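One file, my_file-v6.txt, carrying compact mmCIF, C-alpha atoms:
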# COMPACT_ATOMS: atom_id res chain seq x y z
CA MET D 954 -9.44 -11.01 41.84
CA PRO D 955 -8.49 -7.40 41.05
CA THR D 956 -9.94 -4.83 43.44
CA ARG D 957 -11.90 -1.80 42.23
CA ARG D 958 -8.94 0.38 43.24
CA THR D 959 -6.52 -1.73 41.16
CA PHE D 960 -8.89 -1.63 38.19
CA LEU D 961 -9.20 2.17 38.34
CA ALA D 962 -5.43 2.53 38.71
CA THR D 963 -4.94 0.41 35.60
CA LEU D 964 -7.36 2.60 33.64
CA ALA D 965 -5.58 5.73 34.81
CA ALA D 966 -2.20 4.32 33.79
CA ALA D 967 -3.53 3.43 30.36
CA ALA D 968 -4.98 6.90 29.94
CA THR D 969 -1.66 8.57 30.77
CA ALA D 970 0.56 6.12 28.86
CA PRO D 971 2.36 7.84 25.98
CA ALA D 972 0.92 7.11 22.57
CA LEU D 973 3.10 4.99 20.31
CA THR D 974 4.74 6.71 17.34
CA TRP D 975 6.53 5.55 14.22
CA ALA D 976 9.76 5.64 16.25
CA ASP D 977 8.43 2.63 18.18
CA ALA D 978 8.30 0.74 14.86
CA GLY D 979 11.92 1.61 14.06
CA SER D 980 11.21 4.92 12.27
CA PRO D 981 10.66 3.43 8.80
CA HIS D 982 11.15 5.73 5.84
CA TYR D 983 9.02 3.61 3.50
CA LEU D 984 6.36 0.92 3.33
CA ALA D 985 6.36 -1.50 0.40
CA ALA D 986 4.65 -4.78 -0.44
CA ALA D 987 6.49 -7.68 -2.05
CA ARG D 988 6.32 -11.32 -3.11
CA GLU D 989 9.01 -13.45 -1.51
CA ALA D 990 10.96 -16.37 -2.95
CA SER D 991 8.60 -18.79 -1.18
CA GLY D 992 5.63 -17.26 -2.98
CA ALA D 993 4.36 -15.61 0.22
CA TYR D 994 3.35 -11.95 0.30
CA ALA D 995 4.27 -9.39 2.94
CA LEU D 996 4.36 -5.69 3.80
CA PHE D 997 7.78 -4.34 4.77
CA GLY D 998 8.93 -1.30 6.68
CA LEU D 999 12.20 -0.06 5.22
CA THR D 1000 15.04 2.25 6.21
CA ASP D 1001 16.17 5.05 3.90
CA ARG D 1002 18.68 2.55 2.46
CA GLY D 1003 15.98 -0.04 1.78
CA GLU D 1004 16.90 -2.41 4.60
CA ASP D 1005 14.15 -4.28 6.44
CA LEU D 1006 12.84 -2.94 9.74
CA PHE D 1007 9.78 -5.16 9.94
CA ARG D 1008 7.89 -7.75 7.90
CA ILE D 1009 4.14 -8.35 8.20
CA PRO D 1010 2.49 -11.21 6.27
CA LEU D 1011 -0.31 -10.43 3.79
CA PRO D 1012 -2.94 -12.94 2.66
CA ASP D 1013 -2.47 -12.13 -1.02
CA ARG D 1014 -0.68 -9.76 -3.36
CA GLY D 1015 -0.52 -6.20 -2.04
CA HIS D 1016 -0.38 -2.97 -3.99
CA ALA D 1017 0.15 0.14 -1.86
CA ALA D 1018 -0.36 1.15 1.75
CA ALA D 1019 -1.50 4.22 3.65
CA ALA D 1020 0.62 5.27 6.62
CA HIS D 1021 -1.09 6.98 9.54
CA PRO D 1022 0.37 10.48 10.03
CA LYS D 1023 1.21 9.89 13.71
CA ALA D 1024 0.53 6.38 14.98
CA PRO D 1025 2.64 3.42 13.80
CA GLU D 1026 -0.32 2.06 11.88
CA ALA D 1027 -0.70 1.23 8.21
CA VAL D 1028 -3.56 0.15 5.99
CA ALA D 1029 -2.35 -2.38 3.42
CA PHE D 1030 -4.49 -2.74 0.31
CA ALA D 1031 -5.00 -5.67 -2.02
CA ARG D 1032 -4.18 -5.27 -5.68
CA ARG D 1033 -7.12 -4.08 -7.79
CA PRO D 1034 -9.77 -5.42 -7.95
CA GLY D 1035 -9.37 -6.10 -4.24
CA ARG D 1036 -11.86 -6.46 -1.43
CA PHE D 1037 -9.51 -6.51 1.56
CA ALA D 1038 -7.66 -3.76 3.36
CA LEU D 1039 -5.78 -4.67 6.54
CA VAL D 1040 -5.18 -2.20 9.36
CA ILE D 1041 -1.82 -3.23 10.80
CA ASP D 1042 -0.06 -2.32 14.04
CA CYS D 1043 3.48 -1.93 12.73
CA VAL D 1044 5.00 -2.31 16.21
CA SER D 1045 3.46 -5.67 17.10
CA GLY D 1046 2.69 -6.84 13.56
CA ARG D 1047 -0.91 -7.56 14.56
CA VAL D 1048 -3.81 -7.04 12.20
CA LEU D 1049 -6.09 -4.69 14.14
CA HIS D 1050 -8.98 -4.54 11.70
CA GLU D 1051 -9.90 -5.90 8.30
CA LEU D 1052 -11.88 -3.55 6.09
CA GLU D 1053 -14.19 -5.20 3.61
CA ALA D 1054 -15.53 -3.30 0.64
CA PRO D 1055 -19.35 -3.03 0.84
CA GLU D 1056 -21.52 -5.15 -1.39
CA GLY D 1057 -21.13 -4.04 -4.99
CA ARG D 1058 -17.76 -2.35 -4.41
CA HIS D 1059 -14.08 -3.08 -4.63
CA PHE D 1060 -10.98 -1.17 -3.57
CA TYR D 1061 -8.34 0.17 -5.95
CA GLY D 1062 -5.21 -0.48 -3.90
CA HIS D 1063 -4.77 3.03 -2.42
CA GLY D 1064 -6.08 5.15 0.44
CA ALA D 1065 -5.34 8.25 2.50
CA PHE D 1066 -5.88 9.58 6.02
CA ILE D 1067 -7.62 12.91 6.61
CA ALA D 1068 -8.95 14.72 9.72
CA ASP D 1069 -5.57 14.46 11.48
CA GLY D 1070 -5.62 10.69 11.00
CA ASP D 1071 -9.13 10.11 12.35
CA VAL D 1072 -10.66 9.16 8.97
CA MET D 1073 -9.40 6.73 6.34
CA VAL D 1074 -10.55 7.37 2.77
CA THR D 1075 -10.67 4.55 0.19
CA PRO D 1076 -11.21 4.95 -3.57
CA GLU D 1077 -13.81 2.42 -4.67
CA ASN D 1078 -15.62 1.15 -7.72
CA ALA D 1079 -19.42 0.89 -7.52
CA PHE D 1080 -19.20 -1.65 -10.28
CA GLU D 1081 -22.88 -2.09 -11.11
CA THR D 1082 -23.21 1.61 -12.03
CA GLY D 1083 -19.59 2.40 -12.88
CA GLU D 1084 -19.53 5.33 -10.45
CA GLY D 1085 -16.40 6.22 -8.53
CA LYS D 1086 -16.80 6.55 -4.77
CA LEU D 1087 -14.68 7.45 -1.76
CA GLY D 1088 -15.44 5.34 1.30
CA LEU D 1089 -15.03 7.05 4.70
CA TRP D 1090 -13.94 4.98 7.72
CA SER D 1091 -13.65 6.21 11.33
CA ARG D 1092 -10.46 5.17 13.11
CA ARG D 1093 -11.90 6.26 16.47
CA GLU D 1094 -14.80 3.86 15.94
CA GLY D 1095 -12.61 0.88 15.06
CA TYR D 1096 -12.60 1.73 11.33
CA ALA D 1097 -16.37 1.61 11.09
CA ARG D 1098 -17.68 2.88 7.77
CA ILE D 1099 -19.29 6.28 8.33
CA GLY D 1100 -20.17 7.40 4.82
CA GLU D 1101 -19.10 7.88 1.23
CA ILE D 1102 -18.86 10.61 -1.40
CA ALA D 1103 -18.80 10.62 -5.20
CA THR D 1104 -15.57 11.19 -7.14
CA HIS D 1105 -17.40 12.62 -10.18
CA GLY D 1106 -15.74 10.08 -12.42
CA THR D 1107 -15.06 6.42 -13.12
CA GLY D 1108 -12.29 4.24 -11.76
CA PRO D 1109 -10.78 6.38 -8.95
CA HIS D 1110 -7.39 4.79 -8.43
CA ASP D 1111 -5.16 6.99 -6.26
CA ILE D 1112 -5.87 9.70 -3.69
CA LEU D 1113 -3.81 12.26 -1.76
CA ARG D 1114 -4.66 14.54 1.12
CA MET D 1115 -3.74 18.16 0.49
CA LYS D 1116 -3.82 21.23 2.71
CA ASP D 1117 -7.02 21.75 4.76
CA ASP D 1118 -8.12 18.15 4.01
CA VAL D 1119 -8.80 18.87 0.34
CA MET D 1120 -8.48 15.55 -1.48
CA VAL D 1121 -7.10 15.13 -4.98
CA VAL D 1122 -8.31 12.00 -6.76
CA ALA D 1123 -7.07 10.30 -9.93
CA ASN D 1124 -10.17 9.12 -11.80
CA GLY D 1125 -8.63 6.62 -14.18
CA GLY D 1126 -11.73 6.59 -16.37
CA ILE D 1127 -11.69 2.83 -16.89
CA LEU D 1128 -14.84 0.81 -16.19
CA THR D 1129 -14.25 -2.68 -14.75
CA HIS D 1130 -16.33 -5.37 -13.11
CA PRO D 1131 -14.97 -8.11 -10.80
CA ASP D 1132 -16.87 -10.75 -12.77
CA ARG D 1133 -14.67 -9.79 -15.73
CA GLY D 1134 -11.37 -9.74 -13.81
CA ARG D 1135 -9.11 -6.91 -14.94
CA GLU D 1136 -10.80 -6.54 -18.32
CA LYS D 1137 -11.34 -2.91 -19.38
CA LEU D 1138 -14.93 -2.44 -20.51
CA ASN D 1139 -15.14 1.12 -21.87
CA ILE D 1140 -11.90 2.01 -23.65
CA ASP D 1141 -13.64 3.90 -26.47
CA SER D 1142 -15.65 6.07 -24.06
CA MET D 1143 -13.09 6.63 -21.29
CA GLU D 1144 -13.14 10.00 -19.50
CA PRO D 1145 -10.19 10.22 -17.08
CA SER D 1146 -10.02 13.24 -14.79
CA LEU D 1147 -8.19 14.80 -11.89
CA VAL D 1148 -10.59 16.12 -9.25
CA TYR D 1149 -10.29 18.13 -6.05
CA LEU D 1150 -12.91 17.43 -3.37
CA THR D 1151 -13.77 18.47 0.17
CA PRO D 1152 -14.45 15.76 2.79
CA GLU D 1153 -18.12 16.70 2.48
CA GLY D 1154 -18.04 15.82 -1.22
CA GLU D 1155 -18.00 19.30 -2.75
CA LEU D 1156 -16.31 19.31 -6.16
CA LEU D 1157 -13.79 22.16 -6.09
CA GLU D 1158 -12.11 21.60 -9.45
CA GLN D 1159 -12.03 19.03 -12.24
CA VAL D 1160 -9.27 18.65 -14.83
CA VAL D 1161 -10.07 16.74 -18.03
CA LEU D 1162 -7.55 15.97 -20.77
CA GLU D 1163 -7.96 16.99 -24.40
CA PRO D 1164 -10.29 14.69 -26.40
CA ASP D 1165 -7.41 13.02 -28.29
CA LEU D 1166 -5.98 11.93 -24.92
CA HIS D 1167 -9.19 10.51 -23.48
CA LYS D 1168 -7.61 7.04 -23.45
CA ASN D 1169 -4.82 8.25 -21.14
CA SER D 1170 -5.85 6.83 -17.77
CA ILE D 1171 -4.82 9.08 -14.85
CA ARG D 1172 -3.57 6.63 -12.23
CA HIS D 1173 -1.05 7.77 -9.64
CA LEU D 1174 -0.31 10.97 -7.75
CA ALA D 1175 2.42 12.88 -5.94
CA GLN D 1176 2.56 16.43 -4.61
CA THR D 1177 4.86 19.15 -3.36
CA GLU D 1178 4.26 21.04 -0.12
CA ASP D 1179 3.21 24.14 -2.08
CA GLY D 1180 0.39 22.33 -3.91
CA LEU D 1181 1.87 21.15 -7.22
CA VAL D 1182 0.32 17.78 -8.15
CA ALA D 1183 2.12 15.33 -10.43
CA PHE D 1184 0.00 12.64 -12.08
CA ALA D 1185 1.14 9.51 -13.90
CA MET D 1186 -0.87 8.09 -16.79
CA GLN D 1187 -1.30 4.76 -18.59
CA TRP D 1188 -2.20 4.86 -22.28
CA GLN D 1189 -4.98 2.53 -23.42
CA GLY D 1190 -4.63 3.31 -27.12
CA ASP D 1191 -2.15 2.37 -29.85
CA LEU D 1192 1.32 1.99 -28.31
CA SER D 1193 2.88 3.52 -31.40
CA ASP D 1194 1.40 6.86 -30.27
CA PRO D 1195 4.08 8.69 -28.21
CA VAL D 1196 1.62 10.26 -25.76
CA PRO D 1197 2.68 12.05 -22.55
CA LEU D 1198 2.63 9.91 -19.40
CA LEU D 1199 3.28 12.62 -16.81
CA GLY D 1200 1.20 15.69 -16.02
CA LEU D 1201 1.77 18.58 -13.59
CA HIS D 1202 -1.09 20.66 -12.21
CA ARG D 1203 -1.74 23.57 -9.87
CA ARG D 1204 -5.27 24.43 -8.91
CA GLY D 1205 -6.77 27.08 -11.13
CA GLN D 1206 -4.28 26.50 -13.96
CA ALA D 1207 -4.15 24.31 -17.05
CA PRO D 1208 -2.19 21.06 -16.70
CA VAL D 1209 1.33 20.82 -18.10
CA LEU D 1210 1.92 17.54 -19.97
CA CYS D 1211 5.50 16.28 -20.07
CA GLN D 1212 7.11 14.33 -22.91
CA ALA D 1213 10.55 12.94 -23.61
CA ASP D 1214 12.03 12.75 -27.09
CA LEU D 1215 10.28 10.38 -29.51
CA GLY D 1216 12.47 7.31 -28.96
CA GLU D 1217 12.34 7.53 -25.18
CA GLN D 1218 8.62 8.23 -25.13
CA LEU D 1219 7.94 5.12 -27.21
CA ALA D 1220 10.30 3.10 -24.99
CA MET D 1221 7.97 3.66 -22.02
CA LYS D 1222 5.41 1.44 -23.80
CA GLY D 1223 2.51 3.66 -22.81
CA TYR D 1224 2.82 2.84 -19.11
CA ALA D 1225 3.84 4.89 -16.08
CA GLY D 1226 3.71 2.73 -12.97
CA SER D 1227 4.57 5.24 -10.23
CA VAL D 1228 5.29 8.94 -9.83
CA ALA D 1229 7.29 11.01 -7.33
CA LEU D 1230 8.74 14.48 -6.81
CA ASP D 1231 12.31 14.70 -5.59
CA ALA D 1232 13.40 16.22 -2.29
CA THR D 1233 15.25 19.08 -3.99
CA GLY D 1234 11.98 20.46 -5.37
CA ARG D 1235 13.36 20.50 -8.90
CA LEU D 1236 12.43 17.16 -10.49
CA ALA D 1237 9.43 14.92 -11.12
CA GLY D 1238 9.90 11.27 -12.04
CA ILE D 1239 7.85 8.41 -13.45
CA THR D 1240 8.73 4.75 -13.85
CA SER D 1241 7.87 2.17 -16.49
CA PRO D 1242 8.42 -1.49 -15.53
CA ARG D 1243 7.37 -2.43 -19.06
CA GLY D 1244 9.95 -0.15 -20.61
CA GLY D 1245 12.63 -0.53 -17.94
CA ARG D 1246 12.90 3.24 -17.61
CA VAL D 1247 12.81 6.09 -15.12
CA HIS D 1248 12.06 9.43 -16.78
CA LEU D 1249 12.97 12.66 -15.00
CA PHE D 1250 11.48 16.07 -15.85
CA ASP D 1251 11.91 19.55 -14.45
CA LEU D 1252 8.85 21.18 -12.91
CA ASP D 1253 8.29 23.31 -16.01
CA GLY D 1254 7.71 20.08 -17.93
CA GLY D 1255 11.09 19.83 -19.65
CA PHE D 1256 12.68 16.41 -20.15
CA VAL D 1257 15.87 16.00 -18.11
CA GLU D 1258 17.05 12.40 -18.28
CA SER D 1259 16.20 8.76 -18.91
CA LEU D 1260 17.59 6.12 -16.54
CA ARG D 1261 17.43 2.43 -17.41
CA ARG D 1262 16.58 -0.30 -14.93
CA GLN D 1263 14.83 -3.61 -15.59
CA ASP D 1264 11.35 -3.97 -14.06
CA VAL D 1265 11.57 -0.71 -12.08
CA CYS D 1266 8.26 0.54 -10.70
CA GLY D 1267 8.05 1.83 -7.10
CA LEU D 1268 9.13 5.47 -6.70
CA ALA D 1269 9.13 7.86 -3.72
CA THR D 1270 10.77 11.04 -2.47
CA ALA D 1271 14.07 10.48 -0.64
CA PRO D 1272 16.63 12.70 1.06
CA GLY D 1273 18.54 14.36 -1.78
CA GLY D 1274 16.40 12.90 -4.56
CA MET D 1275 14.17 9.84 -5.04
CA VAL D 1276 14.22 6.14 -4.27
CA ALA D 1277 12.92 3.33 -6.48
CA SER D 1278 12.21 -0.39 -6.20
CA ASP D 1279 12.21 -3.14 -8.80
CA GLY D 1280 10.98 -6.66 -9.38
CA LEU D 1281 14.44 -8.08 -8.70
CA GLY D 1282 14.48 -7.11 -5.02
CA ALA D 1283 16.56 -3.94 -5.38
CA ILE D 1284 16.11 -0.57 -3.72
CA LEU D 1285 17.74 2.19 -5.78
CA GLY D 1286 18.70 5.81 -5.26
CA ILE D 1287 17.46 7.91 -8.18
CA GLY D 1288 18.60 11.37 -9.21
CA ALA D 1289 19.98 13.45 -12.04
CA GLY D 1290 23.29 11.70 -11.42
CA GLY D 1291 21.91 8.26 -12.28
CA VAL D 1292 20.91 5.06 -10.47
CA GLU D 1293 22.62 4.04 -7.22
CA PRO D 1294 21.91 0.51 -5.93
CA ARG D 1295 21.34 0.71 -2.17
CA HIS D 1296 20.10 -2.68 -1.06
CA VAL D 1297 19.05 -5.98 -2.63
CA ALA D 1298 16.76 -8.55 -0.99
CA GLU D 1299 17.48 -11.81 -2.77
CA GLY D 1300 14.42 -13.63 -4.12
CA ARG D 1301 12.08 -10.73 -3.38
CA SER D 1302 9.93 -9.01 -5.99
CA TRP D 1303 8.79 -5.55 -4.94
CA ASP D 1304 5.27 -4.59 -5.96
CA ASN D 1305 4.20 -1.37 -7.66
CA HIS D 1306 4.68 1.27 -4.98
CA MET D 1307 6.86 2.65 -2.22
CA VAL D 1308 4.98 4.77 0.32
CA ALA D 1309 6.86 7.40 2.31
CA VAL D 1310 6.13 7.43 6.06
CA ARG D 1311 5.84 10.99 7.33
CA GLY D 1312 5.13 10.36 10.99
Render the structure in this file as structure tokens.
Amino acid sequence: MPTRRTFLATLAAAATAPALTWADAGSPHYLAAAREASGAYALFGLTDRGEDLFRIPLPDRGHAAAAHPKAPEAVAFARRPGRFALVIDCVSGRVLHELEAPEGRHFYGHGAFIADGDVMVTPENAFETGEGKLGLWSRREGYARIGEIATHGTGPHDILRMKDDVMVVANGGILTHPDRGREKLNIDSMEPSLVYLTPEGELLEQVVLEPDLHKNSIRHLAQTEDGLVAFAMQWQGDLSDPVPLLGLHRRGQAPVLCQADLGEQLAMKGYAGSVALDATGRLAGITSPRGGRVHLFDLDGGFVESLRRQDVCGLATAPGGMVASDGLGAILGIGAGGVEPRHVAEGRSWDNHMVAVRG
């Protein structure tokens, strides 16, 4: 039987043991979910070339993940409308906690850490009222739910933490209910918006599109270090309308909407699946798996280039440019010079997003 002295020595050693970092998980550059050839689902940690560092099984199809800013810990989210979010130790592969959406809620597949990693924030649908909410979960308390705030909109899909813990939220504007699957219930009265909130729920700014673009659901977000937000949109109207699918916004200014030439805009089929800003600070990109396109724009909103790749969707910042993933198992370098295949995982189908790990 351990003596009291041994017990206290063990506690002291644990208290002084160095905290694990992302280096202990192999220093992944990206997290991405995928379906494998067997039909199983998993979350992968990837090198900058797209090679596997770790594989962690998921119970169902994933969507995106949130990487803790310091600890080798990720929260993997189910595809919308999802009710599970798994907190995963990326060193051991263990599931540390399973977050369940409260009664009357579902997750949207995204989340973000604030408060130096102490609080996880989850966009949620209060589906009986149609109100968007942000759930707040305390990491220090074992991811106990500690509160929620309103997003001042419907269908909050993506969220990013900005400077001083300001949160930018993409209110997609689409009303759904889990009893109706992925059916969209309010297309004619949609009101998408981009909102900036404090952790206490104060609305700092709200950006609403022009009335003729009210069916353009604001879905996914990226940002530069100096506060430029890029937002990707998905058009719920007539696909013969060549509407913009990328917007750029700085707080206090009007949004800049970006469009390619007519043929390329129509080729996107009204759908931008992911958005990223390149490492050079000169380009923004969106993907369309439906159109098999990556569109690149300069940060003044000018169209730069269209790159073709079947079923391309995931997109993230990479050294020297961007990196993309597709449904055929490929990881691709993306830049003004074109598409560079980096790695292919045979039989794997990457899901919608690649998440950069910044730890």
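Considering all atoms listed in the file, the residue among D:Pro1109, D:Gly1003, D:Pro1131, D:Pro1197 positioned nearest to Gly1254 in chain D is D:Pro1197.
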Closest atom pairs, residues of range 1080-1174 of chain D within 12 Å of range 1301-1312 of chain D, all atoms listed in the file, as a tab-separated table:
residue	atom	partner	partner_atom	distance
D:Asp1111	CA	D:His1306	CA	11.5
D:Leu1113	CA	D:Val1308	CA	11.7
D:His1173	CA	D:His1306	CA	9.8
D:Leu1174	CA	D:His1306	CA	11.3
Find the spatial neighbours of Ser1146 in chain D, counting all atoms listed in the file, within a cut-off of 9 Å - ignore same-chain residues fewer than 4 positions away - and output them as a short mmCIF file (atom, residue, chain, number, x, y, z; two decimals) with C-alpha atoms, in the frame of the given file.
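Output saved as out01.cif:
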data_model
loop_
_atom_site.label_atom_id
_atom_site.label_comp_id
_atom_site.auth_asym_id
_atom_site.auth_seq_id
_atom_site.Cartn_x
_atom_site.Cartn_y
_atom_site.Cartn_z
CA HIS D 1105 -17.40 12.62 -10.18
CA GLY D 1106 -15.74 10.08 -12.42
CA THR D 1107 -15.06 6.42 -13.12
CA VAL D 1122 -8.31 12.00 -6.76
CA ALA D 1123 -7.07 10.30 -9.93
CA ASN D 1124 -10.17 9.12 -11.80
CA GLY D 1125 -8.63 6.62 -14.18
CA GLY D 1126 -11.73 6.59 -16.37
CA GLN D 1159 -12.03 19.03 -12.24
CA VAL D 1160 -9.27 18.65 -14.83
CA VAL D 1161 -10.07 16.74 -18.03
CA LEU D 1162 -7.55 15.97 -20.77
CA SER D 1170 -5.85 6.83 -17.77
CA ILE D 1171 -4.82 9.08 -14.85
#
key: Selection near range 1219-1222 of chain D, 7 Å with all atoms listed in the file, sequence-local residues under 2 positions removed, as a VMD selection string   = chain D and resid 1192 to 1193 1195 1215 to 1217 1224 1241 1243 to 1244 1246
query = Pick from D:Gln1206, D:Thr1104, D:Thr1233, D:Gln1263: nearest to Gly1245 in chain D, with only C-alpha atoms counted?
reply =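 Smallest distance to Gly1245 in chain D is found for D:Gln1263.
With all atoms listed in the file as the atoms that count, the minimum distance from Leu996 in chain D to the choices D:Ala1103, D:Leu1128, D:Ala1019, D:Leu1249 is reached by D:Ala1019.
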request  = Please tell me which residues are no farther than 10 Å from (7.8, -8.6, -5.8) in the file, counting all atoms listed in the file, and write them as number ranges by chain.
outcome  = D: 985-990, 992-995, 1014-1015, 1278-1283, 1300-1305
Where does range 1154-1195 of chain D meet range 1137-1144 of chain D within 7 Å, residue by residue, with the nearest atom pair and distance in Å to one decimal for each, counting only C-alpha atoms, listed by chain and rising number, as CSV?
residue,atom,partner,partner_atom,distance
D:His1167,CA,D:Glu1144,CA,5.6
D:Lys1168,CA,D:Met1143,CA,5.9
D:Gln1189,CA,D:Ile1140,CA,6.9
ask   = What's the 9 Å shell around Ala1269 in chain D, counting all atoms listed in the file, without same-chain residues fewer than 2 positions away, as a ChimeraX atom specification?
value = /D:983,1175,1227-1231,1267,1271,1274-1277,1306-1309
